[in-house]
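> Structure file coords.csv (CSV, C-alpha atoms) is given on the next line.
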```
chain,number,residue,atom,x,y,z
A,148,MET,CA,-225.5,90.0,-46.6
A,149,ARG,CA,-228.0,92.1,-44.5
A,150,VAL,CA,-225.3,94.8,-44.2
A,151,TYR,CA,-224.9,95.1,-48.0
A,152,LEU,CA,-228.6,95.2,-48.6
A,153,ALA,CA,-229.0,98.0,-46.0
A,154,VAL,CA,-226.2,100.0,-47.7
A,155,LEU,CA,-228.0,99.4,-51.1
A,156,LYS,CA,-231.3,100.6,-49.7
A,157,LEU,CA,-229.9,103.6,-48.0
A,158,ARG,CA,-227.8,104.8,-51.0
A,159,LEU,CA,-230.8,104.2,-53.3
A,160,LEU,CA,-233.0,106.4,-51.2
A,161,MET,CA,-230.3,109.1,-51.1
A,162,GLY,CA,-229.8,109.0,-54.9
A,163,MET,CA,-233.5,109.4,-55.5
A,164,GLN,CA,-233.3,112.9,-53.9
A,165,TYR,CA,-231.4,114.4,-56.9
A,166,ARG,CA,-234.5,114.9,-59.1
A,167,ALA,CA,-233.4,118.3,-60.6
A,168,ALA,CA,-230.0,116.8,-61.7
A,169,ALA,CA,-231.8,113.9,-63.3
A,170,LEU,CA,-234.2,116.1,-65.3
A,171,ALA,CA,-231.2,118.1,-66.6
A,172,GLY,CA,-229.6,114.8,-67.6
A,173,VAL,CA,-232.8,113.7,-69.4
A,174,ALA,CA,-232.8,116.9,-71.5
A,175,THR,CA,-229.1,116.4,-72.4
A,176,GLN,CA,-229.6,112.8,-73.3
A,177,PHE,CA,-232.6,113.6,-75.5
A,178,PHE,CA,-230.5,116.1,-77.4
A,179,TRP,CA,-227.5,113.8,-77.7
A,180,GLY,CA,-229.8,110.9,-78.8
A,181,MET,CA,-231.4,112.9,-81.6
A,182,ILE,CA,-228.0,114.1,-82.9
A,183,THR,CA,-226.7,110.6,-82.9
A,184,ILE,CA,-229.7,109.2,-84.7
A,185,MET,CA,-229.4,112.0,-87.4
A,186,VAL,CA,-225.7,111.0,-87.9
A,187,PHE,CA,-226.6,107.3,-88.4
A,188,GLU,CA,-229.6,108.2,-90.6
A,189,ALA,CA,-227.2,110.1,-93.0
A,190,PHE,CA,-224.8,107.2,-92.9
A,191,TYR,CA,-227.5,104.7,-93.8
A,192,GLU,CA,-228.8,106.8,-96.7
A,193,SER,CA,-225.4,107.0,-98.3
A,194,ALA,CA,-224.5,103.3,-97.7
A,195,LEU,CA,-223.6,101.4,-100.8
A,196,THR,CA,-224.4,98.0,-99.3
A,197,ALA,CA,-226.9,96.8,-96.8
A,198,PRO,CA,-225.6,97.3,-93.2
A,199,PRO,CA,-225.5,94.3,-90.9
A,200,ILE,CA,-228.1,95.9,-88.6
A,201,SER,CA,-231.1,97.9,-89.7
A,202,LEU,CA,-231.7,101.6,-89.1
A,203,THR,CA,-234.8,100.8,-87.0
A,204,GLN,CA,-232.7,98.6,-84.7
A,205,ILE,CA,-230.0,101.2,-84.5
A,206,ILE,CA,-232.5,103.8,-83.4
A,207,THR,CA,-233.9,101.5,-80.7
A,208,TYR,CA,-230.3,100.8,-79.7
A,209,ILE,CA,-229.5,104.5,-79.3
A,210,TRP,CA,-232.6,105.2,-77.2
A,211,LEU,CA,-231.9,102.3,-74.9
A,212,GLN,CA,-228.4,103.6,-74.6
A,213,GLN,CA,-229.6,107.0,-73.6
A,214,ALA,CA,-232.3,105.7,-71.2
A,215,PHE,CA,-229.9,103.4,-69.4
A,216,LEU,CA,-226.8,105.5,-69.8
A,217,VAL,CA,-225.7,105.1,-66.2
A,218,PHE,CA,-226.1,101.3,-66.5
A,219,VAL,CA,-223.6,101.1,-69.3
A,220,THR,CA,-221.0,103.8,-68.9
A,221,ILE,CA,-217.9,103.5,-66.7
A,222,TRP,CA,-217.3,107.3,-66.4
A,223,PHE,CA,-220.3,107.5,-64.0
A,224,ARG,CA,-218.1,107.3,-61.0
A,225,ASP,CA,-218.1,108.0,-57.2
A,226,ALA,CA,-215.7,110.9,-56.6
A,227,GLU,CA,-215.9,110.2,-52.8
A,228,LEU,CA,-214.2,106.8,-53.3
A,229,PHE,CA,-211.4,108.4,-55.3
A,230,GLU,CA,-210.9,111.0,-52.5
A,231,LEU,CA,-210.8,108.3,-49.8
A,232,ILE,CA,-208.1,106.4,-51.6
A,233,THR,CA,-205.9,109.4,-52.5
A,234,SER,CA,-206.2,111.3,-49.2
A,235,GLY,CA,-205.6,108.4,-46.8
A,236,ASN,CA,-209.1,108.5,-45.4
A,237,ILE,CA,-209.4,104.9,-46.6
A,238,ALA,CA,-208.4,104.2,-43.0
A,239,TYR,CA,-211.9,105.0,-41.9
A,240,GLU,CA,-213.3,102.5,-44.4
A,241,LEU,CA,-211.0,99.8,-43.1
A,242,CYS,CA,-212.6,100.2,-39.6
A,243,ARG,CA,-216.0,99.1,-40.9
A,244,PRO,CA,-217.1,95.7,-39.6
A,245,CYS,CA,-217.8,94.3,-43.1
A,246,GLU,CA,-215.9,93.4,-46.2
A,247,LEU,CA,-214.9,96.5,-48.2
A,248,TYR,CA,-215.5,95.0,-51.6
A,249,GLY,CA,-219.1,94.2,-50.9
A,250,PHE,CA,-219.7,97.5,-49.2
A,251,TRP,CA,-218.3,99.5,-52.2
A,252,TYR,CA,-220.1,97.2,-54.7
A,253,ALA,CA,-223.5,97.8,-53.0
A,254,LYS,CA,-222.8,101.6,-52.9
A,255,LEU,CA,-221.9,101.8,-56.6
A,256,LEU,CA,-224.8,99.6,-57.6
A,257,ALA,CA,-227.3,101.8,-55.7
A,258,GLN,CA,-225.9,105.0,-57.3
A,259,ARG,CA,-226.5,103.6,-60.8
A,260,LEU,CA,-229.9,102.2,-60.0
A,261,SER,CA,-231.2,105.5,-58.4
A,262,SER,CA,-230.0,107.6,-61.3
A,263,ALA,CA,-231.4,105.2,-63.9
A,264,ILE,CA,-234.8,105.1,-62.3
A,265,LEU,CA,-235.1,108.8,-62.4
A,266,ARG,CA,-234.0,109.1,-66.0
A,267,CYS,CA,-235.1,106.1,-68.0
A,268,PHE,CA,-238.9,106.4,-67.9
A,269,PRO,CA,-239.2,109.9,-69.3
A,270,ILE,CA,-236.8,109.1,-72.1
A,271,LEU,CA,-238.5,105.8,-73.0
A,272,ILE,CA,-242.0,107.2,-72.9
A,273,VAL,CA,-241.2,110.1,-75.2
A,274,ALA,CA,-239.1,108.0,-77.5
A,275,PHE,CA,-242.1,105.7,-78.2
A,276,PHE,CA,-244.2,108.7,-79.4
A,277,LEU,CA,-241.6,110.4,-81.6
A,278,PRO,CA,-242.4,110.6,-85.3
A,279,SER,CA,-240.8,108.2,-87.7
A,280,PRO,CA,-237.9,107.4,-88.2
A,281,TYR,CA,-236.9,108.6,-84.7
A,282,ARG,CA,-239.5,106.5,-82.9
A,283,MET,CA,-238.3,103.6,-80.6
A,284,THR,CA,-239.9,100.3,-81.4
A,285,LEU,CA,-241.2,97.5,-79.2
A,286,PRO,CA,-239.3,94.2,-78.9
A,287,PRO,CA,-240.3,91.5,-81.4
A,288,SER,CA,-241.8,89.3,-78.6
A,289,PHE,CA,-242.5,89.1,-74.9
A,290,THR,CA,-239.8,86.5,-74.6
A,291,ALA,CA,-237.3,88.9,-76.1
A,292,PHE,CA,-238.3,91.5,-73.6
A,293,ILE,CA,-237.8,89.1,-70.7
A,294,LEU,CA,-234.4,88.1,-72.0
A,295,PHE,CA,-233.6,91.8,-72.4
A,296,LEU,CA,-234.4,92.5,-68.8
A,297,GLY,CA,-232.3,89.6,-67.5
A,298,SER,CA,-229.4,90.6,-69.7
A,299,LEU,CA,-229.7,94.3,-68.7
A,300,ILE,CA,-229.6,93.5,-65.0
A,301,LEU,CA,-226.6,91.1,-65.4
A,302,GLY,CA,-224.9,93.7,-67.6
A,303,LEU,CA,-225.3,96.3,-64.7
A,304,LEU,CA,-223.9,93.9,-62.2
A,305,LEU,CA,-221.0,93.1,-64.6
A,306,LEU,CA,-220.3,96.8,-65.2
A,307,VAL,CA,-220.1,97.5,-61.4
A,308,ALA,CA,-217.7,94.6,-61.1
A,309,VAL,CA,-215.6,96.1,-64.0
A,310,SER,CA,-215.7,99.6,-62.4
A,311,MET,CA,-214.4,98.2,-59.1
A,312,PHE,CA,-211.1,97.5,-60.9
A,313,MET,CA,-210.9,101.2,-61.8
A,314,TYR,CA,-211.0,102.1,-58.1
A,315,ILE,CA,-208.6,99.3,-57.2
A,316,SER,CA,-206.1,100.6,-59.8
A,317,VAL,CA,-206.0,104.0,-58.1
A,318,PHE,CA,-204.3,102.4,-55.1
A,319,ILE,CA,-201.4,101.7,-57.5
A,320,THR,CA,-201.5,104.7,-59.9
A,321,LYS,CA,-202.5,107.3,-57.3
A,322,SER,CA,-204.2,109.0,-60.4
A,323,PRO,CA,-208.0,108.9,-60.5
A,324,THR,CA,-208.0,110.9,-63.7
A,325,GLY,CA,-205.7,108.4,-65.5
A,326,SER,CA,-207.6,105.3,-64.3
A,327,LEU,CA,-210.9,106.9,-65.3
A,328,LEU,CA,-209.8,107.9,-68.8
A,329,LEU,CA,-208.3,104.5,-69.5
A,330,PHE,CA,-211.3,102.5,-68.3
A,331,SER,CA,-213.8,104.9,-69.9
A,332,VAL,CA,-212.2,105.0,-73.3
A,333,LEU,CA,-211.7,101.2,-73.5
A,334,GLY,CA,-215.1,100.4,-71.9
A,335,GLU,CA,-217.2,102.7,-74.0
A,336,PHE,CA,-215.6,101.8,-77.3
A,337,PHE,CA,-215.7,98.0,-76.8
A,338,ALA,CA,-219.2,98.2,-75.3
A,339,GLY,CA,-220.5,99.6,-78.6
A,340,LEU,CA,-221.5,103.0,-77.2
A,341,ILE,CA,-219.6,104.9,-79.8
A,342,ILE,CA,-219.9,102.6,-82.8
A,343,PRO,CA,-222.4,99.6,-82.5
A,344,ILE,CA,-220.3,96.5,-82.7
A,345,PRO,CA,-222.1,95.0,-85.8
A,346,LEU,CA,-220.8,98.1,-87.7
A,347,MET,CA,-217.2,97.6,-86.6
A,348,PRO,CA,-214.6,95.8,-88.8
A,349,GLU,CA,-214.5,92.1,-88.3
A,350,TRP,CA,-211.1,92.1,-86.5
A,351,LEU,CA,-212.4,94.7,-84.0
A,352,GLN,CA,-215.6,92.7,-83.5
A,353,ASN,CA,-213.4,89.7,-82.5
A,354,ILE,CA,-211.6,91.7,-79.9
A,355,ALA,CA,-214.9,93.1,-78.6
A,356,TYR,CA,-216.4,89.6,-78.2
A,357,ILE,CA,-213.5,88.5,-76.0
A,358,LEU,CA,-213.6,91.5,-73.6
A,359,PRO,CA,-216.4,91.8,-71.0
A,360,PHE,CA,-217.5,95.4,-72.0
A,361,ARG,CA,-219.7,94.2,-74.8
A,362,TRP,CA,-221.9,92.2,-72.5
A,363,THR,CA,-222.8,95.3,-70.5
A,364,ALA,CA,-224.5,97.3,-73.3
A,365,ASP,CA,-224.3,95.9,-76.9
A,366,PHE,CA,-225.6,92.5,-75.9
A,367,PRO,CA,-228.8,93.5,-74.0
A,368,PHE,CA,-229.7,96.3,-76.5
A,369,ARG,CA,-229.5,93.9,-79.5
A,370,VAL,CA,-231.4,91.3,-77.6
A,371,TYR,CA,-234.2,93.8,-77.2
A,372,SER,CA,-234.3,94.7,-80.9
A,373,GLY,CA,-234.3,91.1,-82.0
A,374,HIS,CA,-230.9,91.4,-83.7
A,375,ILE,CA,-229.6,88.6,-81.5
A,376,PRO,CA,-231.9,85.5,-81.7
A,377,GLN,CA,-233.4,84.1,-78.5
A,378,HIS,CA,-231.3,80.9,-78.4
A,379,GLU,CA,-228.1,83.0,-78.8
A,380,ALA,CA,-229.4,85.4,-76.1
A,381,LEU,CA,-229.7,82.4,-73.6
A,382,ILE,CA,-226.1,81.4,-74.3
A,383,GLY,CA,-225.0,85.1,-73.9
A,384,ILE,CA,-226.7,85.3,-70.5
A,385,VAL,CA,-224.7,82.2,-69.4
A,386,ILE,CA,-221.6,84.0,-70.6
A,387,GLN,CA,-222.6,87.1,-68.6
A,388,LEU,CA,-222.9,85.0,-65.4
A,389,VAL,CA,-219.5,83.4,-66.0
A,390,TYR,CA,-217.9,86.8,-66.5
A,391,LEU,CA,-219.6,88.2,-63.4
A,392,LEU,CA,-218.4,85.4,-61.2
A,393,VAL,CA,-214.8,85.7,-62.5
A,394,LEU,CA,-214.7,89.5,-62.2
A,395,VAL,CA,-216.1,89.6,-58.7
A,396,TRP,CA,-213.8,86.8,-57.5
A,397,SER,CA,-210.7,88.4,-59.0
A,398,GLY,CA,-211.8,91.8,-57.9
A,399,ARG,CA,-212.0,90.7,-54.3
A,400,LEU,CA,-208.6,89.2,-54.5
A,401,ALA,CA,-207.1,92.3,-56.1
A,402,LEU,CA,-208.7,94.6,-53.5
A,403,ASN,CA,-207.5,92.5,-50.5
A,404,ARG,CA,-204.0,92.4,-52.0
A,405,VAL,CA,-203.7,96.2,-52.4
A,406,LEU,CA,-205.3,96.8,-49.0
A,407,ASN,CA,-202.6,94.6,-47.4
A,408,GLN,CA,-200.0,97.0,-48.8
A,409,VAL,CA,-201.7,100.2,-47.9
A,410,VAL,CA,-199.7,102.6,-45.6
A,411,VAL,CA,-201.6,105.5,-44.0
A,412,GLN,CA,-199.4,108.2,-42.6
A,413,GLY,CA,-200.4,110.9,-40.1
A,414,GLY,CA,-202.0,111.0,-36.7
```
Once more with this new file: its structure as C-alpha cells, please.

Amino acid sequence: MRVYLAVLKLRLLMGMQYRAAALAGVATQFFWGMITIMVFEAFYESALTAPPISLTQIITYIWLQQAFLVFVTIWFRDAELFELITSGNIAYELCRPCELYGFWYAKLLAQRLSSAILRCFPILIVAFFLPSPYRMTLPPSFTAFILFLGSLILGLLLLVAVSMFMYISVFITKSPTGSLLLFSVLGEFFAGLIIPIPLMPEWLQNIAYILPFRWTADFPFRVYSGHIPQHEALIGIVIQLVYLLVLVWSGRLALNRVLNQVVVQGG
C-alpha cells in the first residue's frame, strides 16, 4: 500500500505543475457551461408541462459538471498507458515490483485529482457570484453537502475503476481510439453528462440506473441540489461501494488474465 500511496503523491505533485493548461481549461469550461445553461433555459421556457427537475437544480448540476469535469468524464485519459500497451513497452511495467492494477489505478487517480484541484475552485467561486438565473446555489443543508462530498469521492474512485477496463480492452482490440470512443460515448450519455437522467425517457432511465456510469456524476450532483433526498442518498452511497468493489475485483482479474497472454517481441 505504501508503494501506491507514493505513486499517488508523486503523480499528484507532477500534475499540479500544469497551471497554464488548467487555466485554459477553466475558460473553456466557463464558455461551455454558459452555452449549456442557455440551451436548457430556452427548453424550460417552452416546456408545456413541469419538468421533473427544476431549472435552478439543472444550473447547479451543470456548474458542478464543469467544475469536476475530470472527475466524471472517461475521455480524460493517459496517452502514455495506451502507448505502453500498443508499442510493447508494457514489458518495462511488468518488471515493477508491485501489482500493475494498483500502480495504474493510483496513477490515473492522481491525474484526475491534480487536474480537478487546479480547475474546480475558480469555476465554483465565479459560479456563485453570477447573476440570476445563471448563479449556482448552495446545497439545501449541511448534511446534503457532506453526502455530496462522500458520493463525489466514491464516484471518482468508481470512474477510475471503470476507465481501467478501457485500458484493459486495448490489450485485445489494439485500438486505443476505438476503446476510447466506445467507453466515452456510453459513459458520458448514461452518466447524465449530455442529458440529465431525470429528463430522459423512462425506459432510458431504467437502463441508466442499472449501469455504473450514473453513480459517477448524476447521483452526486443531484444529491448536492437536493433532488435526491438524504435517505435515498445513503442507499445510493452503499450501491456505489458495492459497484466499486465489484469493478475493482473484476478489473484485477481481467488485467491479470490479459497479462498472462501478452507476447512481447524484439530484443
> So that I can check the surroundings of Gln213 in chain A, please list as a list in words every protein, DNA and RNA residue that reaches within 8 Å of it, counting all atoms listed in the file and ignoring chain neighbours fewer than 6 positions away.
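Here the qualifying residues turn out to be Gln176, Phe177, Gly180, Cys267 and Ile270 of chain A.
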> I need the residue nearest Leu228 in chain A from this list: A:Val317, A:Ala174, A:Leu305, A:Ile209. Use only C-alpha atoms for the distance.
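Between A:Val317, A:Ala174, A:Leu305, A:Ile209, the residue approaching Leu228 in chain A most closely is A:Val317.
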> With distances taken over all atoms listed in the file, which residue among A:Ser316, A:Thr233, A:Ser372, A:Ser261 lies nearest Ile205 in chain A?
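The answer is A:Ser372, which sits nearest to Ile205 in chain A.
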> Quick one, how far is CA of Phe330 in chain A from CA of Met313 in chain A?
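Those two atoms sit 6.6 Å apart.
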> Between CA of Ser279 in chain A and CA of Trp179 in chain A, what is the distance, to one decimal in Å?
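Rounded to one decimal, the two atoms are 17.6 Å apart.
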> Please complete range 264-291 of chain A with N, CA and C atoms and give it back as a PDB file, keeping the file's coordinate frame.

```pdb
ATOM      1  N   ILE A 264    -233.383 105.028 -62.529  1.00  0.00           N
ATOM      2  CA  ILE A 264    -234.800 105.100 -62.300  1.00  0.00           C
ATOM      3  C   ILE A 264    -235.402 106.433 -62.521  1.00  0.00           C
ATOM      4  N   LEU A 265    -234.643 107.474 -62.162  1.00  0.00           N
ATOM      5  CA  LEU A 265    -235.100 108.800 -62.400  1.00  0.00           C
ATOM      6  C   LEU A 265    -235.094 109.257 -63.834  1.00  0.00           C
ATOM      7  N   ARG A 266    -234.196 108.670 -64.630  1.00  0.00           N
ATOM      8  CA  ARG A 266    -234.000 109.100 -66.000  1.00  0.00           C
ATOM      9  C   ARG A 266    -234.668 108.281 -67.065  1.00  0.00           C
ATOM     10  N   CYS A 267    -234.719 106.974 -66.861  1.00  0.00           N
ATOM     11  CA  CYS A 267    -235.100 106.100 -68.000  1.00  0.00           C
ATOM     12  C   CYS A 267    -236.523 106.228 -68.421  1.00  0.00           C
ATOM     13  N   PHE A 268    -237.465 106.357 -67.485  1.00  0.00           N
ATOM     14  CA  PHE A 268    -238.900 106.400 -67.900  1.00  0.00           C
ATOM     15  C   PHE A 268    -239.267 107.563 -68.725  1.00  0.00           C
ATOM     16  N   PRO A 269    -238.850 108.798 -68.377  1.00  0.00           N
ATOM     17  CA  PRO A 269    -239.200 109.900 -69.300  1.00  0.00           C
ATOM     18  C   PRO A 269    -238.630 109.745 -70.677  1.00  0.00           C
ATOM     19  N   ILE A 270    -237.403 109.242 -70.775  1.00  0.00           N
ATOM     20  CA  ILE A 270    -236.800 109.100 -72.100  1.00  0.00           C
ATOM     21  C   ILE A 270    -237.526 108.005 -72.897  1.00  0.00           C
ATOM     22  N   LEU A 271    -237.827 106.878 -72.268  1.00  0.00           N
ATOM     23  CA  LEU A 271    -238.500 105.800 -73.000  1.00  0.00           C
ATOM     24  C   LEU A 271    -239.901 106.177 -73.416  1.00  0.00           C
ATOM     25  N   ILE A 272    -240.638 106.855 -72.536  1.00  0.00           N
ATOM     26  CA  ILE A 272    -242.000 107.200 -72.900  1.00  0.00           C
ATOM     27  C   ILE A 272    -242.051 108.166 -74.066  1.00  0.00           C
ATOM     28  N   VAL A 273    -241.213 109.191 -74.046  1.00  0.00           N
ATOM     29  CA  VAL A 273    -241.200 110.100 -75.200  1.00  0.00           C
ATOM     30  C   VAL A 273    -240.681 109.476 -76.443  1.00  0.00           C
ATOM     31  N   ALA A 274    -239.661 108.602 -76.324  1.00  0.00           N
ATOM     32  CA  ALA A 274    -239.100 108.000 -77.500  1.00  0.00           C
ATOM     33  C   ALA A 274    -240.078 107.094 -78.239  1.00  0.00           C
ATOM     34  N   PHE A 275    -241.064 106.527 -77.530  1.00  0.00           N
ATOM     35  CA  PHE A 275    -242.100 105.700 -78.200  1.00  0.00           C
ATOM     36  C   PHE A 275    -243.087 106.518 -78.970  1.00  0.00           C
ATOM     37  N   PHE A 276    -243.179 107.830 -78.688  1.00  0.00           N
ATOM     38  CA  PHE A 276    -244.200 108.700 -79.400  1.00  0.00           C
ATOM     39  C   PHE A 276    -243.567 109.656 -80.337  1.00  0.00           C
ATOM     40  N   LEU A 277    -242.290 109.523 -80.597  1.00  0.00           N
ATOM     41  CA  LEU A 277    -241.600 110.400 -81.600  1.00  0.00           C
ATOM     42  C   LEU A 277    -242.095 110.002 -82.998  1.00  0.00           C
ATOM     43  N   PRO A 278    -242.044 110.926 -83.934  1.00  0.00           N
ATOM     44  CA  PRO A 278    -242.400 110.600 -85.300  1.00  0.00           C
ATOM     45  C   PRO A 278    -241.337 109.699 -85.951  1.00  0.00           C
ATOM     46  N   SER A 279    -241.737 108.993 -86.981  1.00  0.00           N
ATOM     47  CA  SER A 279    -240.800 108.200 -87.700  1.00  0.00           C
ATOM     48  C   SER A 279    -239.798 109.062 -88.463  1.00  0.00           C
ATOM     49  N   PRO A 280    -238.536 108.699 -88.575  1.00  0.00           N
ATOM     50  CA  PRO A 280    -237.900 107.400 -88.200  1.00  0.00           C
ATOM     51  C   PRO A 280    -237.271 107.437 -86.817  1.00  0.00           C
ATOM     52  N   TYR A 281    -237.579 108.460 -86.011  1.00  0.00           N
ATOM     53  CA  TYR A 281    -236.900 108.600 -84.700  1.00  0.00           C
ATOM     54  C   TYR A 281    -237.584 107.822 -83.609  1.00  0.00           C
ATOM     55  N   ARG A 282    -238.683 107.171 -83.914  1.00  0.00           N
ATOM     56  CA  ARG A 282    -239.500 106.500 -82.900  1.00  0.00           C
ATOM     57  C   ARG A 282    -238.765 105.168 -82.464  1.00  0.00           C
ATOM     58  N   MET A 283    -238.807 104.906 -81.176  1.00  0.00           N
ATOM     59  CA  MET A 283    -238.300 103.600 -80.600  1.00  0.00           C
ATOM     60  C   MET A 283    -239.373 102.565 -80.814  1.00  0.00           C
ATOM     61  N   THR A 284    -238.971 101.355 -81.158  1.00  0.00           N
ATOM     62  CA  THR A 284    -239.900 100.300 -81.400  1.00  0.00           C
ATOM     63  C   THR A 284    -239.966  99.298 -80.236  1.00  0.00           C
ATOM     64  N   LEU A 285    -241.045  98.528 -80.184  1.00  0.00           N
ATOM     65  CA  LEU A 285    -241.200  97.500 -79.200  1.00  0.00           C
ATOM     66  C   LEU A 285    -240.355  96.275 -79.524  1.00  0.00           C
ATOM     67  N   PRO A 286    -240.009  95.437 -78.559  1.00  0.00           N
ATOM     68  CA  PRO A 286    -239.300  94.200 -78.900  1.00  0.00           C
ATOM     69  C   PRO A 286    -240.156  93.273 -79.712  1.00  0.00           C
ATOM     70  N   PRO A 287    -239.553  92.368 -80.484  1.00  0.00           N
ATOM     71  CA  PRO A 287    -240.300  91.500 -81.400  1.00  0.00           C
ATOM     72  C   PRO A 287    -241.271  90.541 -80.659  1.00  0.00           C
ATOM     73  N   SER A 288    -240.982  90.226 -79.391  1.00  0.00           N
ATOM     74  CA  SER A 288    -241.800  89.300 -78.600  1.00  0.00           C
ATOM     75  C   SER A 288    -241.659  89.538 -77.153  1.00  0.00           C
ATOM     76  N   PHE A 289    -242.599  88.986 -76.376  1.00  0.00           N
ATOM     77  CA  PHE A 289    -242.500  89.100 -74.900  1.00  0.00           C
ATOM     78  C   PHE A 289    -241.298  88.363 -74.381  1.00  0.00           C
ATOM     79  N   THR A 290    -240.959  87.246 -74.999  1.00  0.00           N
ATOM     80  CA  THR A 290    -239.800  86.500 -74.600  1.00  0.00           C
ATOM     81  C   THR A 290    -238.513  87.296 -74.771  1.00  0.00           C
ATOM     82  N   ALA A 291    -238.422  88.012 -75.890  1.00  0.00           N
ATOM     83  CA  ALA A 291    -237.300  88.900 -76.100  1.00  0.00           C
ATOM     84  C   ALA A 291    -237.157  89.961 -75.072  1.00  0.00           C
TER      85      ALA A 291
END
```
